[in-house]
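Here's run-v5.txt, which has compact mmCIF, C-alpha atoms and all ligand atoms:
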# COMPACT_ATOMS: atom_id res chain seq x y z
CA MET A 81 102.19 171.97 61.59
CA THR A 82 98.61 171.36 62.65
CA ILE A 83 96.67 170.26 65.70
CA GLU A 84 95.50 166.68 65.32
CA HIS A 85 93.72 165.89 68.53
CA ILE A 86 93.15 167.10 72.05
CA GLU A 87 93.27 164.85 75.06
CA ILE A 88 91.41 165.61 78.28
CA ARG A 89 93.28 163.87 81.04
CA ARG A 90 91.67 163.42 84.46
CA ALA A 91 93.87 162.57 87.41
CA HIS A 92 94.13 162.71 91.18
CA ILE A 93 96.83 163.79 93.61
CA ASN A 94 96.93 164.05 97.41
CA LEU A 95 98.09 167.21 99.18
CA VAL A 96 100.89 166.85 101.73
CA SER A 97 98.54 168.29 104.36
CA PRO A 98 94.88 169.37 104.46
CA PHE A 99 94.34 172.97 103.36
CA ARG A 100 91.51 174.65 105.26
CA THR A 101 89.92 177.88 104.08
CA SER A 102 86.76 179.71 105.08
CA PHE A 103 84.87 177.72 102.42
CA GLY A 104 86.11 174.19 103.06
CA VAL A 105 88.99 171.77 103.41
CA GLU A 106 91.01 170.51 100.45
CA VAL A 107 92.84 167.24 101.05
CA ASP A 108 93.54 166.38 97.44
CA ARG A 109 93.19 167.73 93.90
CA ASP A 110 90.86 166.39 91.27
CA LEU A 111 92.99 167.28 88.24
CA LEU A 112 92.05 168.06 84.67
CA TYR A 113 94.76 168.59 82.06
CA VAL A 114 94.27 169.69 78.46
CA HIS A 115 96.82 168.13 76.12
CA VAL A 116 97.02 169.52 72.59
CA VAL A 117 98.71 167.11 70.19
CA GLY A 118 99.92 168.25 66.77
CA SER A 119 101.90 166.72 63.95
CA ASP A 120 105.23 167.32 65.67
CA GLU A 121 104.57 169.28 68.87
CA GLU A 122 102.34 169.18 71.94
CA GLY A 123 101.00 171.60 74.52
CA TRP A 124 99.70 171.28 78.09
CA GLY A 125 97.29 173.27 80.23
CA GLU A 126 96.00 172.64 83.77
CA CYS A 127 92.48 173.50 84.87
CA VAL A 128 92.43 175.19 88.28
CA ALA A 129 88.82 174.41 89.21
CA MET A 130 88.29 172.48 92.44
CA ALA A 131 86.10 169.39 92.71
CA ALA A 132 83.20 171.39 94.18
CA PRO A 133 81.93 174.92 93.39
CA LEU A 134 82.91 176.41 96.77
CA TYR A 135 85.62 178.93 95.83
CA SER A 136 83.79 179.98 92.67
CA SER A 137 80.87 178.68 90.63
CA GLU A 138 83.15 176.53 88.50
CA TYR A 139 84.04 172.94 89.36
CA VAL A 140 86.10 170.34 87.62
CA ASP A 141 83.36 168.07 86.22
CA GLY A 142 81.57 171.19 84.94
CA CYS A 143 84.77 172.37 83.24
CA ASP A 144 85.17 168.96 81.61
CA GLU A 145 81.60 169.23 80.32
CA VAL A 146 82.01 172.80 79.01
CA MET A 147 85.25 171.88 77.27
CA THR A 148 83.79 168.77 75.69
CA ARG A 149 80.50 170.24 74.57
CA TYR A 150 81.45 173.80 73.69
CA LEU A 151 85.13 174.70 73.69
CA LEU A 152 86.92 171.82 72.00
CA PRO A 153 84.51 171.73 69.02
CA MET A 154 85.56 175.34 68.28
CA ILE A 155 89.18 174.37 67.73
CA THR A 156 90.47 173.98 64.18
CA PRO A 157 93.84 172.46 63.18
CA THR A 158 95.50 175.84 62.70
CA MET A 159 93.79 177.81 65.47
CA THR A 160 95.98 180.02 67.67
CA ALA A 161 95.37 180.73 71.35
CA GLN A 162 94.41 184.29 70.41
CA GLU A 163 91.83 183.03 67.91
CA PHE A 164 90.50 180.58 70.46
CA VAL A 165 89.97 183.34 73.04
CA LEU A 166 87.97 185.30 70.48
CA ALA A 167 85.87 182.29 69.48
CA ALA A 168 85.31 181.26 73.11
CA SER A 169 84.04 184.73 74.05
CA SER A 170 80.62 183.60 72.77
CA ILE A 171 80.44 181.28 75.79
CA ARG A 172 79.60 183.14 79.00
CA GLY A 173 81.83 182.79 82.06
CA ASN A 174 83.52 179.40 82.45
CA PHE A 175 86.85 181.17 82.82
CA MET A 176 88.71 178.22 84.34
CA ALA A 177 87.69 175.90 81.51
CA LYS A 178 88.67 178.49 78.91
CA ALA A 179 92.00 179.22 80.61
CA ALA A 180 93.10 175.58 80.57
CA VAL A 181 92.40 175.27 76.85
CA GLU A 182 94.06 178.61 76.10
CA THR A 183 97.18 177.59 78.03
CA ALA A 184 97.52 174.30 76.15
CA LEU A 185 97.19 176.14 72.83
CA LEU A 186 99.71 178.78 73.90
CA ASP A 187 102.18 176.14 75.05
CA TYR A 188 101.75 174.34 71.73
CA GLN A 189 102.29 177.40 69.53
CA LEU A 190 105.16 178.80 71.61
CA ARG A 191 106.98 175.46 71.47
CA ARG A 192 106.51 175.56 67.72
CA ASP A 193 107.85 179.15 67.65
CA LYS A 194 110.66 178.22 70.07
CA MET A 195 109.76 180.95 72.52
CA SER A 196 109.14 180.72 76.27
CA LEU A 197 105.82 181.83 77.74
CA ALA A 198 107.79 184.20 79.97
CA THR A 199 109.36 185.95 76.97
CA PHE A 200 106.05 185.98 75.12
CA LEU A 201 104.30 187.68 78.04
CA GLY A 202 107.09 190.22 78.56
CA ALA A 203 108.79 188.85 81.68
CA THR A 204 111.59 190.94 83.15
CA GLN A 205 112.65 188.62 85.98
CA THR A 206 114.36 185.24 85.87
CA ARG A 207 113.18 184.21 89.33
CA VAL A 208 110.25 185.28 91.46
CA ALA A 209 109.96 185.89 95.19
CA SER A 210 107.78 183.24 96.72
CA GLY A 211 105.10 183.59 99.35
CA VAL A 212 103.10 180.84 100.99
CA SER A 213 99.43 180.54 101.85
CA VAL A 214 98.77 179.07 105.28
CA GLY A 215 95.45 177.32 105.80
CA ILE A 216 93.33 177.80 108.93
CA GLN A 217 94.88 175.65 111.65
CA SER A 218 93.05 173.96 114.54
CA THR A 219 94.92 175.88 117.22
CA THR A 220 97.06 179.01 117.50
CA GLU A 221 100.00 176.82 118.56
CA GLU A 222 99.72 174.78 115.37
CA LEU A 223 99.51 177.98 113.34
CA LEU A 224 102.70 179.37 114.88
CA GLU A 225 104.47 176.07 114.28
CA THR A 226 103.34 175.96 110.64
CA VAL A 227 104.37 179.56 109.96
CA SER A 228 107.70 178.98 111.65
CA GLY A 229 108.32 175.97 109.40
CA TYR A 230 107.60 177.95 106.23
CA LEU A 231 109.80 180.85 107.35
CA ALA A 232 112.62 178.39 108.03
CA GLN A 233 112.28 177.15 104.44
CA GLY A 234 112.75 180.72 103.23
CA TYR A 235 109.30 181.88 102.14
CA VAL A 236 109.38 185.67 101.99
CA ARG A 237 105.72 186.39 102.66
CA ILE A 238 103.06 184.71 104.75
CA LYS A 239 99.37 184.73 103.88
CA LEU A 240 96.99 183.60 106.60
CA LYS A 241 93.57 182.27 105.75
CA ILE A 242 91.00 183.80 108.09
CA GLU A 243 87.30 183.43 108.84
CA PRO A 244 84.96 184.98 111.41
CA GLY A 245 86.11 183.92 114.87
CA LEU A 246 89.58 182.86 113.69
CA ASP A 247 90.97 186.19 112.61
CA ILE A 248 92.14 189.07 114.85
CA GLU A 249 93.70 187.02 117.64
CA ARG A 250 95.34 184.61 115.17
CA VAL A 251 96.93 187.51 113.29
CA ARG A 252 98.02 189.10 116.57
CA ALA A 253 99.69 185.88 117.67
CA VAL A 254 101.60 185.58 114.40
CA ARG A 255 102.69 189.23 114.50
CA GLU A 256 103.85 188.92 118.09
CA ALA A 257 105.74 185.70 117.43
CA PHE A 258 107.51 186.71 114.21
CA GLY A 259 107.84 190.47 114.42
CA ASP A 260 106.76 193.54 112.52
CA ASP A 261 109.12 193.12 109.58
CA MET A 262 107.62 189.91 108.25
CA LEU A 263 105.53 190.46 105.11
CA LEU A 264 102.06 189.37 106.24
CA GLN A 265 98.63 189.41 104.61
CA VAL A 266 95.27 187.73 105.17
CA ASP A 267 92.71 186.08 102.91
CA ALA A 268 89.04 185.81 103.87
CA ASN A 269 87.69 184.15 100.71
CA SER A 270 84.45 186.20 100.92
CA ALA A 271 83.65 185.11 104.50
CA TYR A 272 82.51 188.52 105.83
CA THR A 273 79.76 191.04 105.08
CA ILE A 274 79.85 194.81 105.15
CA ASP A 275 78.32 194.61 108.65
CA ASP A 276 81.70 193.28 109.81
CA ALA A 277 83.48 196.52 108.84
CA SER A 278 84.28 197.64 112.39
CA HIS A 279 85.49 194.14 113.27
CA LEU A 280 87.78 194.05 110.23
CA ALA A 281 89.12 197.50 111.17
CA LYS A 282 90.74 195.76 114.17
CA LEU A 283 93.25 194.31 111.69
CA ASP A 284 94.56 197.82 111.07
CA GLU A 285 97.02 197.65 113.95
CA PHE A 286 98.95 194.73 112.40
CA ASN A 287 100.39 196.56 109.41
CA LEU A 288 99.22 193.95 106.91
CA LEU A 289 100.19 194.17 103.25
CA LEU A 290 96.55 193.63 102.37
CA ILE A 291 93.30 191.87 103.13
CA GLU A 292 92.19 189.68 100.26
CA GLN A 293 88.55 189.31 99.23
CA PRO A 294 86.81 190.09 102.53
CA LEU A 295 83.29 190.26 101.03
CA PRO A 296 81.36 188.17 98.50
CA GLU A 297 82.50 188.07 94.89
CA GLU A 298 79.51 190.06 93.60
CA ASP A 299 79.73 192.79 96.24
CA LEU A 300 82.03 195.30 94.56
CA ILE A 301 80.15 198.23 96.07
CA GLY A 302 80.49 196.68 99.54
CA HIS A 303 84.25 196.67 99.03
CA VAL A 304 84.15 200.39 98.15
CA GLU A 305 82.27 201.05 101.39
CA LEU A 306 84.62 198.83 103.38
CA SER A 307 87.69 200.56 101.96
CA LYS A 308 86.48 203.77 103.60
CA LYS A 309 86.17 202.07 106.98
CA ILE A 310 89.39 200.09 107.27
CA GLY A 311 93.04 201.08 106.86
CA THR A 312 94.33 197.73 105.51
CA PRO A 313 94.54 197.85 101.69
CA ILE A 314 91.85 195.75 100.00
CA CYS A 315 92.97 193.25 97.37
CA LEU A 316 90.39 191.52 95.19
CA ASP A 317 90.65 187.91 94.05
CA GLU A 318 87.31 186.14 93.40
CA SER A 319 85.61 189.38 92.22
CA ILE A 320 88.07 189.99 89.39
CA THR A 321 86.91 187.72 86.58
CA THR A 322 87.75 189.90 83.55
CA PHE A 323 89.73 192.93 82.43
CA ASP A 324 86.52 195.00 82.44
CA VAL A 325 85.68 194.05 86.02
CA ALA A 326 89.25 194.93 87.04
CA ARG A 327 89.01 198.34 85.39
CA GLY A 328 85.62 199.02 86.98
CA ALA A 329 86.80 197.88 90.42
CA LEU A 330 89.77 200.25 90.25
CA ASP A 331 87.61 203.08 88.89
CA ILE A 332 85.18 202.93 91.79
CA GLY A 333 87.85 202.25 94.44
CA ALA A 334 86.76 198.71 95.35
CA CYS A 335 90.41 197.67 95.72
CA SER A 336 93.93 199.07 95.56
CA ILE A 337 95.71 195.77 94.80
CA ILE A 338 94.75 192.88 92.50
CA ASN A 339 95.51 189.17 92.79
CA ILE A 340 95.81 187.90 89.21
CA LYS A 341 94.95 184.23 88.81
CA PRO A 342 95.02 183.24 85.15
CA GLY A 343 92.49 180.46 85.70
CA ARG A 344 90.00 182.86 87.25
CA VAL A 345 90.16 185.39 84.39
CA GLY A 346 90.11 183.00 81.42
CA GLY A 347 93.83 182.71 80.77
CA TYR A 348 97.22 184.32 80.33
CA LEU A 349 96.23 186.75 77.57
CA GLU A 350 93.55 188.33 79.78
CA SER A 351 95.96 188.23 82.75
CA LYS A 352 98.53 190.19 80.75
CA LYS A 353 95.89 192.81 79.90
CA ILE A 354 94.97 193.17 83.58
CA HIS A 355 98.65 193.41 84.49
CA ASP A 356 99.21 196.16 81.92
CA LEU A 357 96.16 198.06 83.17
CA CYS A 358 97.42 197.88 86.74
CA VAL A 359 100.92 199.00 85.73
CA SER A 360 99.43 201.99 83.91
CA ARG A 361 97.62 202.97 87.10
CA GLY A 362 100.41 202.22 89.54
CA VAL A 363 98.38 199.40 91.13
CA PRO A 364 100.48 196.50 92.52
CA VAL A 365 99.56 192.98 91.44
CA TRP A 366 100.61 189.52 92.56
CA CYS A 367 100.06 186.04 91.24
CA GLY A 368 97.59 183.87 93.13
CA GLY A 369 97.65 180.10 93.33
CA MET A 370 95.09 177.32 93.12
CA LEU A 371 97.13 174.42 94.45
CA GLU A 372 98.41 173.79 90.93
CA THR A 373 100.72 170.96 89.98
CA GLY A 374 103.87 171.74 87.98
CA ILE A 375 102.00 172.37 84.71
CA GLY A 376 99.93 175.24 86.08
CA ARG A 377 102.73 176.41 88.36
CA ALA A 378 105.20 176.74 85.46
CA ALA A 379 102.85 179.03 83.56
CA ASN A 380 102.05 181.08 86.67
CA LEU A 381 105.77 181.66 87.29
CA ALA A 382 106.11 183.05 83.75
CA LEU A 383 103.32 185.51 84.46
CA ALA A 384 104.66 186.41 87.91
CA ALA A 385 107.94 187.45 86.25
CA LEU A 386 106.27 190.48 84.61
CA PRO A 387 107.34 193.88 85.97
CA GLY A 388 104.02 194.79 87.64
CA PHE A 389 104.17 191.76 89.96
CA THR A 390 105.77 193.73 92.75
CA LEU A 391 104.31 191.67 95.61
CA PRO A 392 105.31 188.04 96.29
CA GLY A 393 102.73 185.56 95.01
CA ASP A 394 101.26 182.23 96.10
CA THR A 395 103.79 180.55 93.86
CA SER A 396 105.29 178.16 96.37
CA ALA A 397 107.57 175.20 95.74
CA SER A 398 106.14 171.83 94.65
CA SER A 399 107.00 170.35 98.07
CA ARG A 400 104.55 172.73 99.80
CA TYR A 401 101.74 170.85 98.06
CA PHE A 402 102.80 167.39 96.88
CA THR A 403 105.18 164.57 97.73
CA GLN A 404 105.72 163.93 94.03
CA ASP A 405 104.74 166.62 91.52
CA VAL A 406 103.63 165.64 88.04
CA THR A 407 106.58 167.57 86.54
CA ASP A 408 110.13 167.99 87.77
CA PRO A 409 109.64 169.81 91.08
CA PHE A 410 109.85 173.57 91.49
CA VAL A 411 112.30 174.31 94.25
CA LEU A 412 112.62 177.27 96.62
CA ARG A 413 116.09 178.82 96.65
CA ASP A 414 116.75 181.78 98.96
CA GLY A 415 113.06 182.64 98.88
CA TYR A 416 112.84 182.55 95.09
CA ILE A 417 111.68 180.11 92.43
CA ASP A 418 113.25 180.07 88.97
CA VAL A 419 111.06 181.03 86.02
CA PRO A 420 111.07 178.39 83.27
CA ASN A 421 112.97 179.85 80.31
CA THR A 422 113.04 177.20 77.60
CA VAL A 423 110.07 176.89 75.23
CA GLY A 424 106.34 177.21 75.95
CA ILE A 425 105.50 176.73 79.61
CA GLY A 426 108.90 175.02 79.93
CA VAL A 427 107.78 171.78 81.55
CA ARG A 428 105.99 168.57 80.65
CA PRO A 429 104.43 165.95 82.86
CA ILE A 430 106.61 162.97 83.67
CA ALA A 431 104.75 160.27 81.72
CA ASP A 432 105.00 157.49 84.33
CA VAL A 433 103.99 159.78 87.16
CA LEU A 434 101.02 161.16 85.26
CA ASP A 435 99.93 157.71 84.13
CA ALA A 436 100.00 156.44 87.69
CA MET A 437 97.80 159.37 88.81
CA SER A 438 95.39 159.27 85.88
CA SER A 439 91.83 158.03 86.07
CA LYS A 440 90.56 158.80 82.57
CA SER A 441 91.80 160.02 79.21
CA THR A 442 89.46 161.16 76.46
CA LYS A 443 90.58 162.01 72.96
CA TYR A 444 88.88 164.55 70.69
CA VAL A 445 89.86 164.55 67.05
CA VAL A 446 90.26 168.07 65.65
CA SER A 447 88.75 168.30 62.23
CA PRO A 448 89.30 171.10 59.70
O1 LIG B 1 99.50 178.21 97.06
O2 LIG B 1 98.34 177.51 95.37
C1 LIG B 1 98.44 177.94 96.52
C2 LIG B 1 97.19 178.17 97.30
C3 LIG B 1 96.95 179.61 97.46
O3 LIG B 1 95.45 180.25 99.16
C4 LIG B 1 95.60 179.89 98.03
N1 LIG B 1 94.59 179.67 97.21
O4 LIG B 1 91.68 181.57 97.73
O5 LIG B 1 93.57 182.04 96.87
C5 LIG B 1 92.80 181.23 97.37
C6 LIG B 1 93.26 179.83 97.65
C7 LIG B 1 92.46 178.70 97.13
C8 LIG B 1 92.81 177.46 97.53
C9 LIG B 1 91.42 178.84 96.30
C10 LIG B 1 92.09 176.37 97.11
C11 LIG B 1 90.72 177.75 95.85
C12 LIG B 1 91.06 176.52 96.29
Written as structure tokens, how would this file's structure read?
Amino acid sequence: MTIEHIEIRRAHINLVSPFRTSFGVEVDRDLLYVHVVGSDEEGWGECVAMAAPLYSSEYVDGCDEVMTRYLLPMITPTMTAQEFVLAASSIRGNFMAKAAVETALLDYQLRRDKMSLATFLGATQTRVASGVSVGIQSTTEELLETVSGYLAQGYVRIKLKIEPGLDIERVRAVREAFGDDMLLQVDANSAYTIDDASHLAKLDEFNLLLIEQPLPEEDLIGHVELSKKIGTPICLDESITTFDVARGALDIGACSIINIKPGRVGGYLESKKIHDLCVSRGVPVWCGGMLETGIGRAANLALAALPGFTLPGDTSASSRYFTQDVTDPFVLRDGYIDVPNTVGIGVRPIADVLDAMSSKSTKYVVSP
């Protein structure tokens, strides 16, 4: 069984509601799927990059370009995901582009081997506790209403996006309205500087699970300094781009919790390595989200089922994001979402739905 061609599929989907963060507002997703087609099997991967380089330096047109010019030409008919990761290490950065290609190759080979991604990665759970990420709302009243709606649906953990000026009082209002037992954390997406340390220390009174990425991606040392000035545990997201960065960040005390996003670290193989490192050090991890459709979500759920994922992730149900997902929808049941357990990532796009969303399909023939 050999890989014959790879399709890059570009598509578009609207979000059910605008998602505001400290770096911008997302109202839709500019999608890029990698579709590996072999003699009798196929594999799918979803690129998590956004349309613009605001969350990280990667963006979807850039990923398309890197795949087309550099990554896809590396692929041979019999190449495994593991071999691809090795070959692609000659290309610097571009983790989101690499991750999407790796996922499609993994899905392809695991389908061939009749194994689920969850089993392959070492999953120990059949369902994962689901948290939800709440964008910055225009008013405190709207925030309380939004949080209340998610709690009513059964989400077990709330993450509030914050930015300077819309932080302490917003968190206070949510704590006061929903009580001290609710699992609550905040995400700053790099919006602060070390000069804000005493301001961020005001979050200490709210017993948050963590504060995610308060300072810029590159400022690991700033996070070390901040960790000495605030009581809330620091979790890194944007900063953690590789296993080596994760190890260094833990070594110097830049964080005590890690958000693992496969797209951000170049794929599921690197994610597993970071997970294993964190388990060996007793560091909790959780699975982040990038507003993925069902393809990316399925693979994230497999990862989130590993034993070190002891905190609920941003692995919400399809309905939190889209009216109609590109796969069968992932559904929240009693605060949990089932982990796909068939073969590969366990899902495929619904052809008609994907076709209706698609803007462009490009085919690359894989030659020996
Ligand atoms: O549930 O998929 C989700 C969204 C989770 O908040 C979330 N993602 O910084 O972690 C993040 C954030 C994000 C959203 C990042 C959009 C990039 C774009």
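With all atoms listed in the file counted, the chains near ligand LIG 1 (chain B) contribute these residues within 7 Å: A:Glu106, A:Met130, A:Tyr135, A:Val212, A:Ser213, A:Asp267, A:Asn269, A:Gly368, A:Gly369, A:Met370, A:Leu371, A:Glu372, A:Asp394, A:Thr395, A:Ser396.
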ask   = Any idea what's packed within 12 Å of Ala203 (chain A), counting only C-alpha atoms, ignoring anything in its chain fewer than 2 positions away? Could you give it as a PyMOL selection string?
value = chain A and resi 196-201+205-208+352+355+379-389+419-421
Pairwise distance, CA of Val105 (chain A) with CA of Asp141 (chain A), equals 18.5 Å
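With distances restricted to all atoms listed in the file, A:Phe103 is the closest residue to Ala268 (chain A) from A:Phe103, A:Tyr139, A:Trp366, A:Tyr401.
When only C-alpha atoms are used to measure the gap to Leu290 (chain A), the shortest distance among A:Gln404, A:Thr312, A:Ser270, A:Ser439 belongs to A:Thr312.
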Among A:Gln293, A:Thr442, A:Gln265, A:Asn339, Asp144 (chain A) is approached most closely, using only C-alpha atoms, by A:Thr442
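Between Thr160 (chain A) and the residues A:Lys282, A:Arg361, A:Lys309, A:Arg192, the shortest atom-to-atom distance, using only C-alpha atoms, involves A:Arg192.
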Name all residues at most 12 Å from Pro133 (chain A) (count all atoms listed in the file; drop same-chain ones fewer than 3 positions away) and give them as a PDB file with C-alpha atoms, in the frame of the given file.
ATOM      1  CA  PHE A 103      84.870 177.720 102.420  1.00  0.00           C
ATOM      2  CA  GLY A 104      86.110 174.190 103.060  1.00  0.00           C
ATOM      3  CA  VAL A 128      92.430 175.190  88.280  1.00  0.00           C
ATOM      4  CA  ALA A 129      88.820 174.410  89.210  1.00  0.00           C
ATOM      5  CA  MET A 130      88.290 172.480  92.440  1.00  0.00           C
ATOM      6  CA  SER A 136      83.790 179.980  92.670  1.00  0.00           C
ATOM      7  CA  SER A 137      80.870 178.680  90.630  1.00  0.00           C
ATOM      8  CA  GLU A 138      83.150 176.530  88.500  1.00  0.00           C
ATOM      9  CA  TYR A 139      84.040 172.940  89.360  1.00  0.00           C
ATOM     10  CA  VAL A 140      86.100 170.340  87.620  1.00  0.00           C
ATOM     11  CA  ASP A 141      83.360 168.070  86.220  1.00  0.00           C
ATOM     12  CA  GLY A 142      81.570 171.190  84.940  1.00  0.00           C
ATOM     13  CA  CYS A 143      84.770 172.370  83.240  1.00  0.00           C
ATOM     14  CA  ASN A 174      83.520 179.400  82.450  1.00  0.00           C
ATOM     15  CA  MET A 176      88.710 178.220  84.340  1.00  0.00           C
TER      16      MET A 176
END
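Of the residues listed (A:Ala253, A:Ile216, A:Val325, A:Leu264), A:Leu264 shows the shortest atom-to-atom separation from Leu231 (chain A); distances use only C-alpha atoms.
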Separating CA of Asp108 (chain A) from CA of Tyr188 (chain A), to the nearest tenth of an Å, is a gap of 28.1 Å
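Reported to one decimal place, the separation of CA of Gly393 (chain A) from CA of Val304 (chain A) is 24.0 Å.
Neighbours of Ala180 (chain A) closer than or equal to 8 Å, with all atoms listed in the file counted and sequence neighbours fewer than 2 positions away skipped, come out as Tyr113, Val114, Gly125, Glu126, Cys127, Val128, Met176, Ala177, Lys178, Glu182, Thr183, Ala184, Gly343 and Gly347 of chain A.
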Using all atoms listed in the file, the residue out of A:Pro157, A:Gly173, A:Gly426, A:Gly118 with shortest distance to Val345 (chain A) is A:Gly173
Counting all atoms listed in the file, what are the residues of region 345-444 of chain A within 10 Å of region 89-96 of chain A, and for each of them which pair of atoms is the nearest and at what distance in Å, to one decimal? Sort the table by chain and rising number, as a Markdown table.
| residue | atom | partner | partner_atom | distance |
| --- | --- | --- | --- | --- |
| A:Leu371 | CA | A:Leu95 | CA | 8.7 |
| A:Thr373 | CA | A:Ile93 | CA | 8.9 |
| A:Ser399 | CA | A:Val96 | CA | 7.9 |
| A:Arg400 | CA | A:Val96 | CA | 7.2 |
| A:Tyr401 | CA | A:Leu95 | CA | 5.3 |
| A:Phe402 | CA | A:Val96 | CA | 5.2 |
| A:Thr403 | CA | A:Val96 | CA | 6.3 |
| A:Gln404 | CA | A:Ile93 | CA | 8.9 |
| A:Asp405 | CA | A:Ile93 | CA | 8.7 |
| A:Val406 | CA | A:Ile93 | CA | 9.0 |
| A:Leu434 | CA | A:Ala91 | CA | 7.6 |
| A:Asp435 | CA | A:Ala91 | CA | 8.4 |
| A:Ala436 | CA | A:Ala91 | CA | 8.7 |
| A:Met437 | CA | A:Ala91 | CA | 5.3 |
| A:Ser438 | CA | A:Ala91 | CA | 3.9 |
| A:Ser439 | CA | A:Ala91 | CA | 5.2 |
| A:Lys440 | CA | A:Arg90 | CA | 5.1 |
| A:Ser441 | CA | A:Arg89 | CA | 4.5 |
| A:Thr442 | CA | A:Arg89 | CA | 6.6 |
| A:Lys443 | CA | A:Arg89 | CA | 8.7 |
Using only C-alpha atoms, tabulate the residues of region 144-250 of chain A lying at most 10 Å from any atom of region 276-281 of chain A, each with its closest atom pair and that distance in Å to one decimal, by chain and increasing residue number, as JSON lines.
{"residue": "A:Pro244", "atom": "CA", "partner": "A:Asp276", "partner_atom": "CA", "distance": 9.1}
{"residue": "A:Asp247", "atom": "CA", "partner": "A:Leu280", "partner_atom": "CA", "distance": 8.8}
{"residue": "A:Ile248", "atom": "CA", "partner": "A:Leu280", "partner_atom": "CA", "distance": 8.1}
*asked:* Residues within 12 Å of Asp331 (chain A), please, as a PyMOL selection string. Count all atoms listed in the file; anything in the same chain fewer than 3 positions from it doesn't count.
replied: chain A and resi 300-301+304+324-328+334-336+357-358+361+363
Taking C-alpha atoms for each residue, export the selection above as a compact mmCIF listing (two decimals), in the frame of the given file.
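Result file result_6.txt:
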# COMPACT_ATOMS: atom_id res chain seq x y z
CA LEU A 300 82.03 195.30 94.56
CA ILE A 301 80.15 198.23 96.07
CA VAL A 304 84.15 200.39 98.15
CA ASP A 324 86.52 195.00 82.44
CA VAL A 325 85.68 194.05 86.02
CA ALA A 326 89.25 194.93 87.04
CA ARG A 327 89.01 198.34 85.39
CA GLY A 328 85.62 199.02 86.98
CA ALA A 334 86.76 198.71 95.35
CA CYS A 335 90.41 197.67 95.72
CA SER A 336 93.93 199.07 95.56
CA LEU A 357 96.16 198.06 83.17
CA CYS A 358 97.42 197.88 86.74
CA ARG A 361 97.62 202.97 87.10
CA VAL A 363 98.38 199.40 91.13
